[in-house]
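As structure tokens, the structure follows; a few thoughts come after it.
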Amino acid sequence: MFTILTGAQFGDEGKGKIIDVLSSDYDTVVRFQGGNNAGHTVIVGDDTYKLHLIPSGVLTGARLLIGPGVVVDPGVLTSEIKMLEDTGIKITPEKLGIDAKTSIIMPYHIEMDKLREQKREKKIGTTARGIGFAYIDKISRDEVRLADLADKNAFSAIMDELAPQRERAIVDLGGDPGVVRAGIPDYAGYGAMLKPYITDVSYELNRALDSGRSVLAEGAQGAHLDIIHGTQKYVTSSSTTAGGACVYLGIGPTRVDQVIGVVKAYITRVGEGPLPTEQAGEIGDRLRDAGGEFGTTTGRPRRCGWFDAPLARKAVYLNAYTSIALTKLDVLTGLDPIRVCTGYELDNEHIDYPPELSSDLERCTPVYKEVDGWEQDISVERVFSDLPDAAQDYVHQIEETLKVDIKIVSNGPKRNQIIVR
Ligand code: GDP
Ligand code: IMO
Ligand code: MG
């Protein structure tokens with residue numbers, strides 16, 4: 001069984017929580033793209049885990065893998081392994097495997113990300129983790145792979161060639177070139193630390209599927225942050241949609257059994273870019289407070305707005321979801337009426353699908369439908385039919401709009417706050 005799970009909006013839909021819940025049914029959980037721009041939260045009992053690179057199945061018995069399409073900051077990864085070990089979760093090479101071809105985020109990538117963002121006339125609002133520049137080097141075939149980092153001589157030869165070029169690039173961007181060489185000794189150390197975890201992820205996964213084992217691919221970011229199909233240029237630098245999992249992991253598309261979309265009951269976005277239903281005033285503040293909408297990675301306040309059906313329809317097209325997990329329904333409690341954006345007005349026309357270009361999406365005026373809210377605390381319910389009628393109706397309406405079954409409703413941040421239909 002091969003299942004792919006992706007975010008259907010702009011990230012932070014609650015993928016970490018849903019992966020944690022589903023993972024107990026899977027033998028392997030694998031990250032396929034992105035890097036430590038991701039922040040996936042898993043809360044079990046009184047313990048909160050904020051994961052940036054380690055797959056969110058870490059609290060179950062699953063084997064964890066980081067695929068070759070991920071860009072890894074080895075300092076962040078080793079700190080995360082240590083953080084987990086401090087809480088009693090041992091991350092041995094039997095537990096975690098990292099592909100030999102995984103691209104390494106170097107200190108110069110981070111520096112270039114920051115410098116470039118400062119200079120951009122139209123800011124993207126990146127997480128400043130070096131993601132874009134690490135992917136540039138992968139595409140231009142000037143990457144440092146984990147296998148290179150773990151081989152002292154190979155790493156040193158690559159640095160001899162690349163360091164002068166990266167120093168010049170940093171000077172061009174107005175930065176201090178010292179950062180290029182300053183990081184090299186630490187990085188050689190990370191190579192030695194991570195060497196035991198090296199594996200061939202595509203081979204491991206295909207073998208696991210051959211022998212009847214189950215694999216869950218954990219997406220990072222969300223559909224509208226996709227490098228090609230997202231709201232360019234306000235996107236991340238990887239393919240965040242389900243097809244990306246096949247490409248990045250080296251698994252053929254005919255092996256996919258399920259594609260699960262994680263959809264927040266409203267919408268949020270961190271960083272710049274269009275968000276037609278954004279609520280700047282009281283409603284936005286209320287969603288942000290009730291939903292704890294502050295970035296897991298950067299701590300930035302998330303922009304909040306009403307559920308946007310056109311964007312969700314596009315996410316369904318981009319991913320071909322077989323089912324949806326609807327999260328954070330509890331956050332809407334007390335808002336009455338609730339508004340749902342059913343379409344947009346653009347140039348005096350009504351449309352129910354987003355225009356392709358961000359410059360047009362920015363000009364769209366949302367058309368809303370008002371639906372009844374509910375007052376009672378729904379975070380304690382575990383059975384769908386025990387939810388107030390208005391909450392059930394809300395779920396049904398989204399289901400009808402998207403024409404995909406909502407099989408999971410999440411009604412609180414904790415593992416047990418979940419309704420499986
Ligand atoms: P991810 O990046 O998609 O994994 O999402 P994040 O972890 O960055 O952000 C989701 C936030 O919402 C986290 O703080 C979660 O603990 C929290 N969360 C997840 N599901 C629910 C839910 O159903 N209700 C509430 N209130 N919080 C949730
Ligand atoms: P998870 O996996 C929300 C956003 C950044 C910025 C844009 C580009 O937790 O859902 P980047 O650093 O990737 O070059 O930034 O993408 N972004 C995210 N927003 N959740 C994420 O990950 C994100 N990862 C990147 O805020 O707008
Ligand atoms: Mg997140």
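Naming scheme: A, B, ... for chains in displayed order of the structure tokens; residues 1 onward per chain; ligands 1 onward as shown.
By chain and then residue number, the residues within 9 Å of stretch 162-177 of chain A are Tyr108, His109, Glu111, Met112, Leu115, Arg116, Lys119 and Asp142 of chain A, counting only C-alpha atoms and disregarding those fewer than 6 positions away in sequence.
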>> At a cut-off of 8 Å, using only C-alpha atoms, what residues contact A:Ser202? Leave out same-chain residues fewer than 2 positions from it and give the result as a list of chain:residue names.
In response: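 Here the qualifying residues turn out to be A:Gly67, A:Asp200, A:Glu204, A:Leu205, A:Asn206, A:Leu249, A:Gly250, A:Ile251.
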>> I need the residues in stretch 140-210 of chain A that are helix (DSSP H, G or I) according to DSSP; give them as a PyMOL selection string.
In response: chain A and resi 146-149+152-172+178-182+184-197+201-210
Just write the chosen residues, C-alpha atoms, as a short mmCIF file (atom, residue, chain, number, x, y, z; two decimals), in the first residue's frame.
```cif
data_model
loop_
_atom_site.label_atom_id
_atom_site.label_comp_id
_atom_site.auth_asym_id
_atom_site.auth_seq_id
_atom_site.Cartn_x
_atom_site.Cartn_y
_atom_site.Cartn_z
CA LEU A 146 24.93 13.58 1.57
CA ALA A 147 27.22 10.96 0.01
CA ASP A 148 29.72 13.73 -0.80
CA LEU A 149 29.50 15.21 2.67
CA LYS A 152 36.07 13.68 3.26
CA ASN A 153 38.03 13.74 0.02
CA ALA A 154 35.01 14.16 -2.23
CA PHE A 155 33.69 16.97 -0.05
CA SER A 156 37.00 18.76 0.01
CA ALA A 157 37.36 18.51 -3.80
CA ILE A 158 33.84 19.92 -4.33
CA MET A 159 34.52 22.78 -1.93
CA ASP A 160 37.82 23.62 -3.62
CA GLU A 161 35.90 24.09 -6.86
CA LEU A 162 32.73 25.71 -5.53
CA ALA A 163 33.96 27.93 -2.71
CA PRO A 164 35.50 30.67 -4.90
CA GLN A 165 32.34 30.80 -7.06
CA ARG A 166 30.04 31.02 -4.07
CA GLU A 167 32.26 33.70 -2.48
CA ARG A 168 31.93 35.82 -5.62
CA ALA A 169 28.17 35.29 -5.68
CA ILE A 170 27.87 36.45 -2.07
CA VAL A 171 29.98 39.52 -2.73
CA ASP A 172 27.72 40.29 -5.71
CA GLY A 178 33.70 34.66 4.86
CA VAL A 179 30.60 32.56 5.48
CA VAL A 180 31.52 30.17 2.65
CA ARG A 181 34.65 28.73 4.19
CA ALA A 182 33.77 29.27 7.83
CA ILE A 184 33.30 23.82 6.04
CA PRO A 185 34.88 22.14 9.11
CA ASP A 186 31.51 21.77 10.89
CA TYR A 187 30.00 20.31 7.77
CA ALA A 188 32.69 17.65 7.45
CA GLY A 189 31.76 16.69 11.03
CA TYR A 190 28.08 16.38 10.10
CA GLY A 191 29.07 14.11 7.22
CA ALA A 192 30.72 11.70 9.64
CA MET A 193 27.70 11.82 11.99
CA LEU A 194 25.13 11.16 9.26
CA LYS A 195 27.09 8.55 7.27
CA PRO A 196 25.58 5.54 9.12
CA TYR A 197 22.07 6.63 8.07
CA VAL A 201 15.42 5.31 -0.56
CA SER A 202 13.89 4.43 -3.94
CA TYR A 203 15.22 0.88 -3.70
CA GLU A 204 14.13 0.49 -0.08
CA LEU A 205 10.62 1.73 -0.81
CA ASN A 206 10.10 -0.33 -3.94
CA ARG A 207 11.33 -3.45 -2.11
CA ALA A 208 9.04 -2.68 0.81
CA LEU A 209 6.05 -2.35 -1.55
CA ASP A 210 7.06 -5.59 -3.36
#
```
Who sits within 9 Å of A:Phe2, only C-alpha atoms, same chain under 2 positions skipped, as a PDB file with C-alpha atoms, in the first residue's frame:
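around00.pdb written:
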```pdb
ATOM      1  CA  ILE A   4       0.711  10.051  -0.454  1.00  0.00           C
ATOM      2  CA  LEU A 209       6.051  -2.350  -1.553  1.00  0.00           C
ATOM      3  CA  ARG A 213       4.626  -3.464   3.319  1.00  0.00           C
ATOM      4  CA  SER A 214       2.923  -0.076   3.501  1.00  0.00           C
ATOM      5  CA  VAL A 215       4.487   3.291   2.798  1.00  0.00           C
ATOM      6  CA  LEU A 216       3.175   6.741   3.701  1.00  0.00           C
ATOM      7  CA  ALA A 217       4.737   9.720   1.886  1.00  0.00           C
ATOM      8  CA  ARG A 255       2.001   2.032  -7.472  1.00  0.00           C
ATOM      9  CA  VAL A 256       0.021   4.810  -5.781  1.00  0.00           C
ATOM     10  CA  ASP A 257      -3.037   3.531  -3.894  1.00  0.00           C
ATOM     11  CA  GLN A 258      -4.299   6.580  -2.035  1.00  0.00           C
ATOM     12  CA  VAL A 259      -3.755  10.330  -2.088  1.00  0.00           C
TER      13      VAL A 259
END
```
Please, which residues have at least one atom within 9 Å of an atom of ligand 1, using only C-alpha atoms and all ligand atoms, listed as a short mmCIF file (atom, residue, chain, number, x, y, z; two decimals) with N, CA and C atoms, in the first residue's frame?
```cif
data_model
loop_
_atom_site.label_atom_id
_atom_site.label_comp_id
_atom_site.auth_asym_id
_atom_site.auth_seq_id
_atom_site.Cartn_x
_atom_site.Cartn_y
_atom_site.Cartn_z
N THR A 6 -0.61 15.14 1.13
CA THR A 6 -0.07 16.48 0.84
C THR A 6 -0.97 17.57 1.44
N GLY A 7 -0.40 18.72 1.62
CA GLY A 7 -1.15 19.90 2.04
C GLY A 7 -1.90 20.46 0.84
N PHE A 10 -1.80 26.47 1.67
CA PHE A 10 -0.48 27.13 1.64
C PHE A 10 0.43 26.59 2.74
N GLY A 11 0.29 25.32 3.08
CA GLY A 11 1.08 24.76 4.16
C GLY A 11 0.40 24.94 5.50
N ASP A 12 0.92 24.27 6.52
CA ASP A 12 0.43 24.38 7.90
C ASP A 12 -1.03 23.95 8.04
N GLU A 13 -1.44 23.01 7.24
CA GLU A 13 -2.83 22.53 7.30
C GLU A 13 -3.03 21.56 8.47
N GLY A 14 -1.91 21.10 9.04
CA GLY A 14 -2.01 20.10 10.11
C GLY A 14 -1.54 18.73 9.62
N LYS A 15 -0.63 18.75 8.62
CA LYS A 15 -0.13 17.49 8.06
C LYS A 15 0.55 16.64 9.12
N GLY A 16 1.36 17.29 9.98
CA GLY A 16 2.11 16.55 11.00
C GLY A 16 1.18 15.75 11.89
N LYS A 17 0.12 16.38 12.33
CA LYS A 17 -0.84 15.68 13.20
C LYS A 17 -1.47 14.48 12.48
N ILE A 18 -1.89 14.70 11.23
CA ILE A 18 -2.57 13.61 10.51
C ILE A 18 -1.59 12.47 10.21
N ILE A 19 -0.36 12.83 9.85
CA ILE A 19 0.65 11.79 9.61
C ILE A 19 0.86 10.97 10.88
N ALA A 38 9.81 23.50 6.39
CA ALA A 38 8.64 22.85 6.97
C ALA A 38 8.72 22.85 8.49
N GLY A 39 7.56 22.93 9.11
CA GLY A 39 7.46 22.76 10.56
C GLY A 39 6.20 21.97 10.81
N HIS A 40 6.34 20.72 11.21
CA HIS A 40 5.18 19.84 11.39
C HIS A 40 5.03 19.53 12.87
N THR A 41 3.87 19.84 13.42
CA THR A 41 3.66 19.69 14.86
C THR A 41 2.91 18.41 15.16
N VAL A 42 3.45 17.70 16.14
CA VAL A 42 2.77 16.49 16.64
C VAL A 42 2.62 16.67 18.14
N ILE A 43 1.40 16.53 18.64
CA ILE A 43 1.17 16.70 20.08
C ILE A 43 0.54 15.41 20.61
N THR A 48 4.85 18.20 23.04
CA THR A 48 4.75 18.79 21.70
C THR A 48 6.07 18.60 20.97
N TYR A 49 6.00 18.07 19.75
CA TYR A 49 7.18 17.88 18.92
C TYR A 49 7.03 18.74 17.68
N LYS A 50 8.01 19.62 17.45
CA LYS A 50 8.01 20.43 16.23
C LYS A 50 9.08 19.87 15.32
N LEU A 51 8.65 19.23 14.27
CA LEU A 51 9.58 18.51 13.41
C LEU A 51 9.80 19.26 12.11
N HIS A 52 11.05 19.37 11.72
CA HIS A 52 11.36 20.10 10.49
C HIS A 52 11.86 19.18 9.38
N SER A 56 6.97 12.81 10.45
CA SER A 56 6.07 12.92 11.60
C SER A 56 5.56 11.58 12.11
N GLY A 219 4.04 14.89 2.62
CA GLY A 219 4.33 16.12 1.91
C GLY A 219 4.66 17.25 2.88
N ALA A 220 5.40 18.20 2.38
CA ALA A 220 5.63 19.44 3.13
C ALA A 220 5.03 20.58 2.31
N GLN A 221 4.84 21.73 2.94
CA GLN A 221 4.20 22.90 2.30
C GLN A 221 2.80 22.51 1.78
N GLY A 222 2.35 23.13 0.70
CA GLY A 222 1.00 22.83 0.23
C GLY A 222 0.87 23.13 -1.25
N VAL A 262 -4.76 17.21 3.01
CA VAL A 262 -5.06 17.83 4.31
C VAL A 262 -5.52 19.26 4.04
N LYS A 264 -7.39 22.67 5.76
CA LYS A 264 -7.80 23.38 6.96
C LYS A 264 -9.23 23.89 6.75
N ALA A 265 -10.02 23.97 7.79
CA ALA A 265 -11.42 24.38 7.68
C ALA A 265 -11.55 25.86 7.30
N ALA A 290 -7.48 31.70 18.02
CA ALA A 290 -8.10 30.40 18.33
C ALA A 290 -7.30 29.26 17.72
N GLY A 291 -6.72 29.50 16.54
CA GLY A 291 -6.01 28.43 15.85
C GLY A 291 -4.52 28.40 16.16
N GLY A 292 -4.04 29.31 16.98
CA GLY A 292 -2.60 29.36 17.28
C GLY A 292 -1.81 29.53 16.00
N GLU A 293 -2.26 30.44 15.14
CA GLU A 293 -1.68 30.54 13.80
C GLU A 293 -0.42 31.41 13.78
N PHE A 294 0.64 30.80 14.28
CA PHE A 294 1.97 31.42 14.23
C PHE A 294 2.91 30.36 13.68
N GLY A 295 3.80 30.77 12.77
CA GLY A 295 4.64 29.81 12.06
C GLY A 295 5.40 28.87 13.00
N THR A 296 5.39 27.58 12.67
CA THR A 296 6.11 26.57 13.45
C THR A 296 7.61 26.74 13.26
N THR A 297 8.02 27.21 12.09
CA THR A 297 9.44 27.35 11.79
C THR A 297 9.96 28.74 12.13
N LEU A 326 -10.01 16.91 7.03
CA LEU A 326 -10.35 18.32 7.28
C LEU A 326 -9.91 18.66 8.70
N THR A 327 -9.03 19.64 8.84
CA THR A 327 -8.47 19.94 10.16
C THR A 327 -8.99 21.26 10.73
N LYS A 328 -8.84 21.40 12.04
CA LYS A 328 -9.07 22.66 12.75
C LYS A 328 -10.53 23.13 12.68
N LEU A 329 -11.43 22.17 12.57
CA LEU A 329 -12.85 22.54 12.56
C LEU A 329 -13.23 23.24 13.87
N ASP A 330 -12.60 22.81 14.97
CA ASP A 330 -12.88 23.40 16.29
C ASP A 330 -12.60 24.90 16.34
N VAL A 331 -11.68 25.36 15.47
CA VAL A 331 -11.28 26.77 15.51
C VAL A 331 -12.44 27.69 15.08
N SER A 379 -14.49 20.16 20.42
CA SER A 379 -13.19 19.48 20.49
C SER A 379 -13.24 18.20 21.34
N VAL A 409 -11.97 14.07 10.29
CA VAL A 409 -12.17 15.45 10.74
C VAL A 409 -11.33 15.61 12.00
N SER A 410 -10.47 16.62 12.00
CA SER A 410 -9.62 16.86 13.18
C SER A 410 -10.24 18.02 13.95
N ASN A 411 -10.43 17.81 15.25
CA ASN A 411 -11.12 18.83 16.04
C ASN A 411 -10.33 19.25 17.28
N GLY A 412 -9.03 19.28 17.12
CA GLY A 412 -8.15 19.74 18.19
C GLY A 412 -6.74 19.32 17.87
N PRO A 413 -5.74 19.95 18.50
CA PRO A 413 -4.35 19.65 18.14
C PRO A 413 -3.83 18.29 18.61
N LYS A 414 -4.52 17.69 19.57
CA LYS A 414 -3.97 16.45 20.14
C LYS A 414 -4.31 15.22 19.31
N ARG A 415 -3.49 14.21 19.47
CA ARG A 415 -3.63 13.00 18.68
C ARG A 415 -5.05 12.41 18.75
N GLN A 417 -7.82 13.92 19.33
CA GLN A 417 -8.91 14.81 18.90
C GLN A 417 -9.15 14.61 17.41
N ILE A 418 -9.82 13.53 17.13
CA ILE A 418 -9.98 13.14 15.73
C ILE A 418 -11.28 12.36 15.56
#
```
> Do you know which residues are at most 9 Å from A:Pro310 counting only C-alpha atoms, after dropping those on the same chain fewer than 2 positions away, and could you put them as a list of chain:residue names?
Replying inline: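 In the requested format, the answer is A:Asp308, A:Ala312, A:Arg313, A:Lys314, A:Ala315, A:Cys341, A:Thr342, A:Gly343, A:Tyr344, A:Ile351, A:Asp352, A:Tyr353, A:Pro354.
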> Any idea what the distance is between atom CA of A:Asp285 and atom 12 (O, counted along the ligand's line) of ligand 2?
Replying inline: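 It comes out at 24.2 Å.
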>> Measuring between only C-alpha atoms, which one of A:Val340, A:Ile54, A:Ile398, A:Ile66 shows the shortest distance to A:Lys82?
In response: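 Looking at the shortest contact to A:Lys82, the residue is A:Ile54.
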> Using only C-alpha atoms and all ligand atoms, which residue out of A:Glu117, A:Asp347, A:Asp336, A:Glu400 lies closest to ligand 2?
Replying inline: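 Distance minimum relative to ligand 2 lands on A:Glu117.
Across the structure, atom 1 (Mg, counted along the ligand's line) of ligand 3 and atom CA of A:Asp47 are spaced 17.1 Å apart.
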> Between atom CA of A:Ile110 and atom CA of A:Val71, what is the distance, to one decimal in Å?
Replying inline: 11.9 Å
As an mmCIF file with N, CA and C atoms, in the first residue's frame, please: the residues near stretch 271-278 of chain A (cut-off 6 Å, only C-alpha atoms, same-chain neighbours under 5 positions excluded).
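And here is the file that came out, around.cif:
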```
data_model
loop_
_atom_site.group_PDB
_atom_site.id
_atom_site.type_symbol
_atom_site.label_atom_id
_atom_site.label_comp_id
_atom_site.auth_asym_id
_atom_site.auth_seq_id
_atom_site.Cartn_x
_atom_site.Cartn_y
_atom_site.Cartn_z
ATOM 1 N N ILE A 124 9.267 37.632 -1.333
ATOM 2 C CA ILE A 124 8.523 36.367 -1.265
ATOM 3 C C ILE A 124 8.161 36.072 0.186
ATOM 4 N N GLY A 125 9.037 36.541 1.083
ATOM 5 C CA GLY A 125 8.838 36.186 2.488
ATOM 6 C C GLY A 125 9.297 34.761 2.747
ATOM 7 N N TYR A 234 5.287 33.577 -5.508
ATOM 8 C CA TYR A 234 5.210 33.422 -4.056
ATOM 9 C C TYR A 234 5.048 31.946 -3.701
ATOM 10 N N CYS A 304 -4.738 34.953 7.953
ATOM 11 C CA CYS A 304 -5.873 34.029 8.084
ATOM 12 C C CYS A 304 -7.065 34.514 7.278
ATOM 13 N N GLY A 305 -7.842 33.594 6.755
ATOM 14 C CA GLY A 305 -9.040 33.965 6.009
ATOM 15 C C GLY A 305 -10.048 32.832 5.958
ATOM 16 N N TRP A 306 -11.177 33.114 5.337
ATOM 17 C CA TRP A 306 -12.259 32.121 5.208
ATOM 18 C C TRP A 306 -11.866 31.029 4.224
ATOM 19 N N GLU A 362 -4.611 38.074 -7.505
ATOM 20 C CA GLU A 362 -4.572 39.242 -6.613
ATOM 21 C C GLU A 362 -5.757 40.185 -6.846
#
```
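Closest approach to ligand 3 among A:Pro337, A:Val270, A:Glu349, A:Leu287 is made by A:Val270 (distances from only C-alpha atoms and all ligand atoms).
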>> When you count only C-alpha atoms and all ligand atoms, which of these residues is closest to ligand 3: A:Leu59, A:Asp360, A:Lys95, A:Arg269?
In response: A:Arg269
>> Using DSSP secondary structure from the backbone, list all strand (DSSP E or B) positions within stretch 284-385 of chain A, as a PyMOL selection string.
In response: chain A and resi 294+301+303-305+307-308+323-327+338-346+349-351+365-371
>> Which residues are near A:Thr254? Cut-off 12 Å, only C-alpha atoms, ignore same chain within fewer than 5 positions. Put them as a ChimeraX atom specification.
In response: /A:1-3,243,246
>> My list of candidates is A:Thr28, A:Thr127, A:Gln9, A:Thr199. Which is closest to A:Gly97 when distances are computed with only C-alpha atoms?
In response: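 Looking only at the distances to A:Gly97, the closest residue turns out to be A:Thr199.
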